[in-house]
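Enquirer: run15.tsv is reproduced in full below (TSV, C-alpha atoms and all ligand atoms).
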chain	number	residue	atom	x	y	z
H	1	MET	CA	149.48	58.99	161.82
H	2	GLU	CA	153.09	60.12	162.18
H	3	LYS	CA	155.87	57.65	161.39
H	4	GLU	CA	156.99	57.63	165.04
H	5	GLU	CA	153.53	56.55	166.18
H	6	LEU	CA	153.34	53.85	163.50
H	7	MET	CA	156.75	52.61	164.63
H	8	GLU	CA	155.46	52.43	168.22
H	9	LYS	CA	152.62	50.20	166.97
H	10	ALA	CA	155.22	47.96	165.30
H	11	ILE	CA	157.18	47.81	168.56
H	12	GLY	CA	153.96	46.72	170.28
H	13	ALA	CA	153.35	44.04	167.64
H	14	ARG	CA	156.87	42.75	168.19
H	15	ARG	CA	155.79	41.52	171.63
H	16	LEU	CA	153.46	39.05	169.90
H	17	SER	CA	156.30	37.32	168.08
H	18	TYR	CA	157.10	33.64	168.63
H	19	THR	CA	160.87	33.32	168.29
H	20	PRO	CA	162.19	30.41	170.38
H	21	TYR	CA	164.83	29.64	167.72
H	22	SER	CA	166.29	32.94	166.55
H	23	HIS	CA	165.44	34.98	169.66
H	24	PHE	CA	165.04	37.84	167.22
H	25	PRO	CA	161.55	39.32	167.59
H	26	VAL	CA	160.39	41.56	164.74
H	27	GLY	CA	157.25	43.69	164.67
H	28	ALA	CA	155.37	45.28	161.80
H	29	ALA	CA	152.45	47.69	161.55
H	30	LEU	CA	150.53	48.38	158.36
H	31	LEU	CA	148.43	51.55	158.24
H	32	CYS	CA	145.51	51.79	155.81
H	33	LYS	CA	144.09	54.95	154.26
H	34	ASP	CA	140.90	54.58	156.29
H	35	GLY	CA	142.97	54.67	159.51
H	36	SER	CA	142.74	50.97	160.22
H	37	LEU	CA	145.88	49.26	161.43
H	38	PHE	CA	147.08	45.69	160.95
H	39	LEU	CA	149.89	44.18	162.97
H	40	GLY	CA	152.32	41.37	162.32
H	41	ALA	CA	155.14	39.67	164.18
H	42	ASN	CA	157.43	36.84	163.18
H	43	VAL	CA	156.21	33.35	164.04
H	44	GLU	CA	158.83	30.61	163.94
H	45	ASN	CA	158.66	26.84	163.88
H	46	SER	CA	160.92	23.93	164.80
H	47	SER	CA	160.85	23.17	161.06
H	48	TYR	CA	162.56	26.46	160.26
H	49	PRO	CA	161.20	27.18	156.75
H	50	CYS	CA	157.66	27.06	158.16
H	51	GLY	CA	158.29	30.34	159.98
H	52	MET	CA	156.76	33.59	158.78
H	53	CYS	CA	158.22	37.10	158.93
H	54	ALA	CA	156.55	40.00	160.69
H	55	GLU	CA	155.95	42.18	157.63
H	56	ARG	CA	154.40	39.40	155.59
H	57	ASN	CA	152.14	38.55	158.51
H	58	ALA	CA	151.04	42.20	158.70
H	59	ILE	CA	150.25	42.37	154.96
H	60	TYR	CA	148.45	39.02	154.99
H	61	ASN	CA	146.59	40.03	158.15
H	62	ALA	CA	145.29	43.14	156.36
H	63	MET	CA	144.32	41.15	153.27
H	64	MET	CA	142.42	38.64	155.37
H	65	HIS	CA	140.38	41.61	156.59
H	66	GLY	CA	139.49	42.57	153.02
H	67	LYS	CA	142.21	45.18	152.42
H	68	THR	CA	144.20	45.36	149.20
H	69	ARG	CA	147.25	47.24	147.95
H	70	ASP	CA	145.15	50.32	147.11
H	71	ASP	CA	144.13	50.60	150.77
H	72	PHE	CA	147.68	50.62	152.14
H	73	GLU	CA	149.23	53.90	153.29
H	74	ALA	CA	152.41	53.03	155.19
H	75	LEU	CA	154.31	50.10	156.67
H	76	ALA	CA	156.66	50.08	159.66
H	77	ILE	CA	159.07	47.26	160.51
H	78	VAL	CA	161.19	47.12	163.65
H	79	ALA	CA	163.62	44.91	165.56
H	80	ASP	CA	166.39	45.28	168.13
H	81	CYS	CA	169.16	46.04	165.62
H	82	GLU	CA	172.13	48.36	165.77
H	83	GLY	CA	170.94	49.95	162.54
H	84	VAL	CA	167.42	49.55	161.21
H	85	CYS	CA	165.76	46.20	160.58
H	86	THR	CA	165.73	45.50	156.86
H	87	PRO	CA	163.36	42.98	155.27
H	88	CYS	CA	164.60	39.65	153.95
H	89	GLY	CA	164.57	38.88	150.25
H	90	MET	CA	161.31	36.96	150.35
H	91	CYS	CA	159.56	39.82	152.12
H	92	ARG	CA	160.93	42.30	149.56
H	93	GLN	CA	159.42	40.20	146.78
H	94	VAL	CA	156.05	40.03	148.56
H	95	ILE	CA	156.11	43.75	149.37
H	96	SER	CA	156.91	44.57	145.73
H	97	GLU	CA	153.77	42.76	144.59
H	98	LEU	CA	151.33	43.66	147.35
H	99	PHE	CA	152.37	47.13	148.59
H	100	PRO	CA	151.86	50.37	146.63
H	101	SER	CA	154.93	51.85	144.95
H	102	GLU	CA	154.27	55.36	146.28
H	103	ALA	CA	153.74	54.42	149.95
H	104	PRO	CA	156.52	54.78	152.54
H	105	ILE	CA	158.11	51.79	154.24
H	106	TYR	CA	159.67	52.79	157.56
H	107	LEU	CA	162.49	50.63	158.90
H	108	GLY	CA	163.40	51.11	162.54
H	109	ASN	CA	165.13	49.93	165.65
H	110	LEU	CA	164.39	50.22	169.36
H	111	ASN	CA	166.60	53.31	169.77
H	112	GLY	CA	164.30	55.49	167.71
H	113	LEU	CA	166.19	55.25	164.44
H	114	ILE	CA	163.80	55.39	161.46
H	115	GLU	CA	164.73	55.24	157.78
H	116	GLU	CA	162.27	55.63	154.94
H	117	GLU	CA	162.37	53.24	152.00
H	118	SER	CA	160.04	52.34	149.14
H	119	VAL	CA	159.13	49.28	147.14
H	120	GLU	CA	161.60	50.37	144.43
H	121	SER	CA	164.45	51.15	146.83
H	122	LEU	CA	164.06	47.81	148.61
H	123	LEU	CA	163.82	45.72	145.45
H	124	PRO	CA	164.91	47.40	142.23
H	125	LYS	CA	164.22	45.53	139.00
H	126	ALA	CA	161.78	43.25	140.79
H	127	PHE	CA	160.38	40.21	139.08
H	128	SER	CA	156.63	40.67	138.64
H	129	GLY	CA	153.59	39.12	137.07
H	130	ASP	CA	154.28	41.21	133.98
H	131	ASP	CA	157.40	39.13	133.39
H	132	LEU	CA	155.46	35.89	133.10
U	201	LIG	N1	162.54	38.43	160.27
U	201	LIG	C1	161.39	39.15	160.13
U	201	LIG	O1	160.33	38.79	160.63
U	201	LIG	N2	161.45	40.28	159.38
U	201	LIG	C2	162.60	40.85	158.92
U	201	LIG	O2	162.55	41.92	158.33
U	201	LIG	C3	163.89	40.17	159.13
U	201	LIG	C4	163.80	38.78	159.65
U	201	LIG	C5	162.50	37.25	161.14
U	201	LIG	C6	162.58	35.90	160.49
U	201	LIG	C7	163.06	35.05	161.64
U	201	LIG	O3	161.94	34.70	162.46
U	201	LIG	C8	163.95	35.98	162.44
U	201	LIG	O4	163.59	37.30	162.05
U	201	LIG	C9	165.43	35.77	162.21
U	201	LIG	O5	165.74	35.76	160.86
What is this structure when it is put down as structure tokens?
Ligand code: THU
Expert:
Amino acid sequence: MEKEELMEKAIGARRLSYTPYSHFPVGAALLCKDGSLFLGANVENSSYPCGMCAERNAIYNAMMHGKTRDDFEALAIVADCEGVCTPCGMCRQVISELFPSEAPIYLGNLNGLIEEESVESLLPKAFSGDDL
């Protein structure tokens, strides 16, 4: 699947978001090597810290369907930003542990802008289980 098509899937997922507080819908689409696709959108809560970001929902969605890091091929994240939508710090930490280092992470916006990042570029010198 081309990155543009994966980004379109993320834009579709964005419509599933629940964002009555931030009014900032985010969508994510996680492509697996077998062609399966797992979507995520941000889901907020009146108790703000209970909310969950789109990209973490996509990764957890895939894992709840039996997929693991070795199955993941690419991840797309999108929101209505002037530049591209970049993941928050917590998502970077989760991505660094659960997403393969060699797989592309596409950040986008609704105007067709797409930038490619990686686990390392998003979170250099990440804390990991090896540090414990
Ligand atoms: N958010 C995401 O879902 N992913 C990102 O990459 C950036 C931020 C969400 C969290 C919250 O629901 C809203 O966007 C505003 O921060």
Enquirer: Could you give me the residues within 8 Å of ligand LIG 201 (chain U), counting only C-alpha atoms and all ligand atoms, as an NGL selection string?
Expert: :H and (18-19 or 21-27 or 41-44 or 51-56 or 77-79 or 85-88 or 91)
Enquirer: Would you mind reading off the distance between atom CA of H:Gly66 and atom CA of H:Ile95, one decimal, in Å?
Expert: 17.1 Å
Enquirer: Could you name the residues that touch H:Arg69 at 7 Å or less, counting only C-alpha atoms, but leaving out those on the same chain fewer than 3 positions away, as an MDAnalysis selection string?
Expert: chainID H and resid 72 98:100
Enquirer: Between atom CA of H:Ser128 and atom CA of H:Glu97, what distance in Å does the model show, to one decimal?
Expert: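 Taking atom CA of H:Ser128 as the start and atom CA of H:Glu97 as the end point, the length is 6.9 Å.
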Enquirer: List every protein, DNA or RNA residue that has at least one atom no more than 6 Å from (154.7, 51.0, 152.0) in the file's coordinates, counting all atoms listed in the file, and write the result as a PyMOL selection string.
Expert: chain H and resi 74-75+99+103-105
Enquirer: In Å, how far is it from atom CA of H:Ser36 to atom CA of H:Gly129?
Expert: 28.2 Å
Enquirer: Return the single residue from H:Tyr106, H:Glu116, H:Asp70, H:Pro124 that is closest to H:Gln93, with distances computed using all atoms listed in the file.
Expert: H:Pro124
Enquirer: For a quick check of understanding, using all atoms listed in the file, which of H:Ala76, H:Leu110, H:Asn57, H:Met63 has the smallest distance to H:Ala10?
Expert: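 The answer is H:Ala76, which sits nearest to H:Ala10.
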Enquirer: Just checking: using all atoms listed in the file, which residue out of H:Ile114, H:Val119, H:Cys32, H:Ile11 ends up closest to H:Thr68?
Expert: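 Under the stated criterion, the closest residue is H:Cys32.
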Enquirer: List as a list in words the protein and nucleic acid residues near H:Cys81, meaning an atom at most 9 Å away when all atoms listed in the file are counted, but skip any in the same chain fewer than 5 places from it.
Expert: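 Returned residues: Gly108, Asn109, Leu110 and Asn111 of chain H.
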Enquirer: I'd like the contact shell of H:Leu31 - 10 Å cut-off, only C-alpha atoms, skipping same-chain residues fewer than 4 positions apart - returned as a VMD selection string.
Expert: chain H and resid 1 6 9 35 to 39 58 to 59 62 71 to 76
Enquirer: Choose the residue, out of H:Leu107, H:Cys50, H:Ala29, H:Leu132, that has the smallest atom-to-atom separation from H:Glu8; count all atoms listed in the file.
Expert: H:Ala29
